[in-house]
Amino acid sequence: MVSVSSIIAITFVLLLTLVGPIAILLIYGLRHKKQGIWSAWGLGALGFFIMQVIIRLPILSILSLSPAFLNFANNNYIIYALLLAFTAGLFELIGRYVVAKIMAKNLSYSRSVAAGLGHGGIEAIILVGVSYVNNLLYAFMINTGMLDSLIDQLAMSADISPYIQIKNALVGTPAYLYLFAGYERVLTVVCHLAMTLIVCYFVAKKQDIKGILLCLGMHTLLDTGAGLIPYFIPTTGANATLGYIAIYGFLTVMAVVSIFIIIRIRKRFTSIPG
């Protein structure tokens with residue numbers, strides 16, 4: 001059985017990542033009427049969706065079918081993690097930069113924030129929110145016995161191992177780990193907002209290269225840390241607690257730095273001539 005506390009945590013994270021981004025858009029859009037918030041959010045979301053979901057992730061999926069690629073990833077994990085971090089930063093940077101250039105004639109602070117919320121919000125919806133819908137459905141199926149019935153029906157004709165893995169994962173995962181996933185997504189959205197603001201601010205100042213390099217460096221650092229910290233300090237086994245402290249501590253520091261960047265850019269954006 002999936003515990004009640006786990007179901008509550010799953011539901012909370014689902015609402016946070018699926019409903020939260022839309023609620024923030026509505027609130028921000030209503031507070032900044034006639035400032036192009038809706039279109040800016042849509043452009044930011046589209047920039048992420050095209051560069052990551054349509055282009056980068058399918059490329060990685062195709063590469064993962066290659067034994068040579070998998071062998072390289074397994075035997076050179078640190079280099080592999082660095083490449084993943086760099087390409088994620090690069091592809092998302094391209095999306096951010098194109099969006100900033102499209103909005104260049106009306107590149108206000110509020111529109112830049114909306115683009116950042118769109119970028120981070122659509123990622124939260126696609127990568128976490130949708131998967132937590134599945135988690136909640138499977139938790140319901142487990143607790144009502146429907147999943148066991150399905151496994152029994154498929155046992156003689158299909159591979160049931162994926163369903164067993166899903167069941168074991170949902171039953172064995174404590175509630176606080178689901179909440180950590182929600183916390184991680186909040187931190188990530190804050191970082192995405194800061195990185196989008198960096199690009200938009202320097203595009204507005206006509207210092208595109210500076211914004212590009214700063215954003216790419218920050219994104220690569222963020223994803224490298226998130227990828228390598230669990231490698232050196234595993235979040236399983238005897239040092240699991242230390243691993244979680246390390247990874248979420250790192251993400252929290254990055255989010256705090258991002259908040260500082262957001263505040264600094266807000267103060268400076270109004271001084272840009274245009």
# chains A, B, ... in the order shown; residues from 1 in each chain; ligands from 1

$ residues_around --residues "region 118-130 of chain A" --least-positions-apart "4" --cutoff "6 Å" --atoms "only C-alpha atoms" --output "MDAnalysis selection string"
chainID A and resid 14 17:18 21 41 44:45 48 189 192

$ residues_around --residues "region 193-201 of chain A" --least-positions-apart "2" --cutoff "6 Å" --atoms "only C-alpha atoms" --output "ChimeraX atom specification"
/A:100,112,116-117,190-191,203-204,211,215,258,262

$ residues_around --residues "Ile166 (chain A)" --least-positions-apart "6" --cutoff "10 Å" --atoms "only C-alpha atoms" --output "VMD selection string"
chain A and resid 135 138 to 139 142 147 172

$ residues_around --residues "Ile212 (chain A)" --least-positions-apart "4" --cutoff "8 Å" --atoms "only C-alpha atoms" --output "list in words"
Leu93, Tyr97, Val199, Asp208 and Leu216 of chain A

$ write_last_selection --atoms "all heavy atoms" --output "compact mmCIF listing (two decimals), in the first residue's frame"
# COMPACT_ATOMS: atom_id res chain seq x y z
N LEU A 93 19.86 28.03 -23.66
CA LEU A 93 20.35 29.38 -23.92
C LEU A 93 19.89 29.87 -25.30
O LEU A 93 19.47 31.02 -25.45
CB LEU A 93 21.87 29.41 -23.85
CG LEU A 93 22.55 30.68 -24.36
CD1 LEU A 93 22.15 31.88 -23.52
CD2 LEU A 93 24.06 30.52 -24.38
N TYR A 97 17.80 33.18 -25.83
CA TYR A 97 18.34 34.27 -26.64
C TYR A 97 17.40 34.64 -27.78
O TYR A 97 17.16 35.82 -28.04
CB TYR A 97 19.71 33.88 -27.20
CG TYR A 97 20.38 34.98 -27.98
CD1 TYR A 97 20.83 36.14 -27.34
CD2 TYR A 97 20.55 34.88 -29.36
CE1 TYR A 97 21.43 37.16 -28.05
CE2 TYR A 97 21.17 35.89 -30.08
CZ TYR A 97 21.59 37.03 -29.41
OH TYR A 97 22.18 38.05 -30.12
N VAL A 199 19.98 36.99 -19.69
CA VAL A 199 20.01 37.11 -21.15
C VAL A 199 19.23 38.34 -21.61
O VAL A 199 19.72 39.14 -22.43
CB VAL A 199 19.43 35.84 -21.80
CG1 VAL A 199 19.32 36.01 -23.32
CG2 VAL A 199 20.31 34.63 -21.49
N ASP A 208 25.07 41.42 -25.85
CA ASP A 208 24.57 40.05 -26.00
C ASP A 208 25.58 38.99 -25.55
O ASP A 208 25.22 38.04 -24.85
CB ASP A 208 24.18 39.79 -27.45
CG ASP A 208 23.07 40.72 -27.94
OD1 ASP A 208 22.91 41.80 -27.35
OD2 ASP A 208 22.39 40.36 -28.91
N LEU A 216 25.19 30.80 -19.88
CA LEU A 216 25.70 29.45 -20.18
C LEU A 216 26.56 28.93 -19.04
O LEU A 216 26.46 27.75 -18.66
CB LEU A 216 26.50 29.48 -21.48
CG LEU A 216 27.07 28.13 -21.96
CD1 LEU A 216 25.94 27.12 -22.16
CD2 LEU A 216 27.86 28.32 -23.24

$ closest_residue --among "A:Lys101, A:Arg266, A:Arg111, A:Arg96" --to "Tyr28 (chain A)" --atoms "only C-alpha atoms"
A:Arg111

$ closest_residue --among "A:Ile229, A:Ala246, A:Leu16, A:Val171" --to "Met141 (chain A)" --atoms "only C-alpha atoms"
A:Val171

$ residues_around --residues "Gly182 (chain A)" --least-positions-apart "2" --cutoff "9 Å" --atoms "only C-alpha atoms" --output "list in words"
Phe12, Val13, Leu14, Leu16, Thr17, Val128, Leu177, Tyr178, Leu179, Phe180, Glu184, Arg185, Val186 and Leu187 of chain A

$ closest_residue --among "A:Ile55, A:Leu228, A:Ala175, A:Leu242" --to "Tyr80 (chain A)" --atoms "only C-alpha atoms"
A:Leu228

$ select_by_dssp --residues "region 30-267 of chain A" --states "alpha helix (DSSP H)" --output "MDAnalysis selection string"
chainID A and resid 30:31 37:48 57:63 67:75 77:102 109:123 130:144 146:154 161:172 175:204 208:232 240:267

$ residues_around --residues "region 222-224 of chain A" --least-positions-apart "5" --cutoff "9 Å" --atoms "only C-alpha atoms" --output "list in words"
Ala81, Leu82, Leu83, Leu84, Ala85, Phe86, Ala88, Gly89, Cys191, Gly217, Ile229, Phe250, Leu251 and Met254 of chain A

$ atom_distance --atom1 "CA of Gly20 (chain A)" --atom2 "CA of Ile245 (chain A)"
25.5 Å

$ residues_around --residues "Ile151 (chain A)" --least-positions-apart "4" --cutoff "8 Å" --atoms "only C-alpha atoms" --output "JSON, numbers by chain"
{"A": [147, 155, 160, 163, 164]}

$ closest_residue --among "A:Gln52, A:Ser6, A:Thr11, A:Gln35" --to "Glu92 (chain A)" --atoms "only C-alpha atoms"
A:Gln52
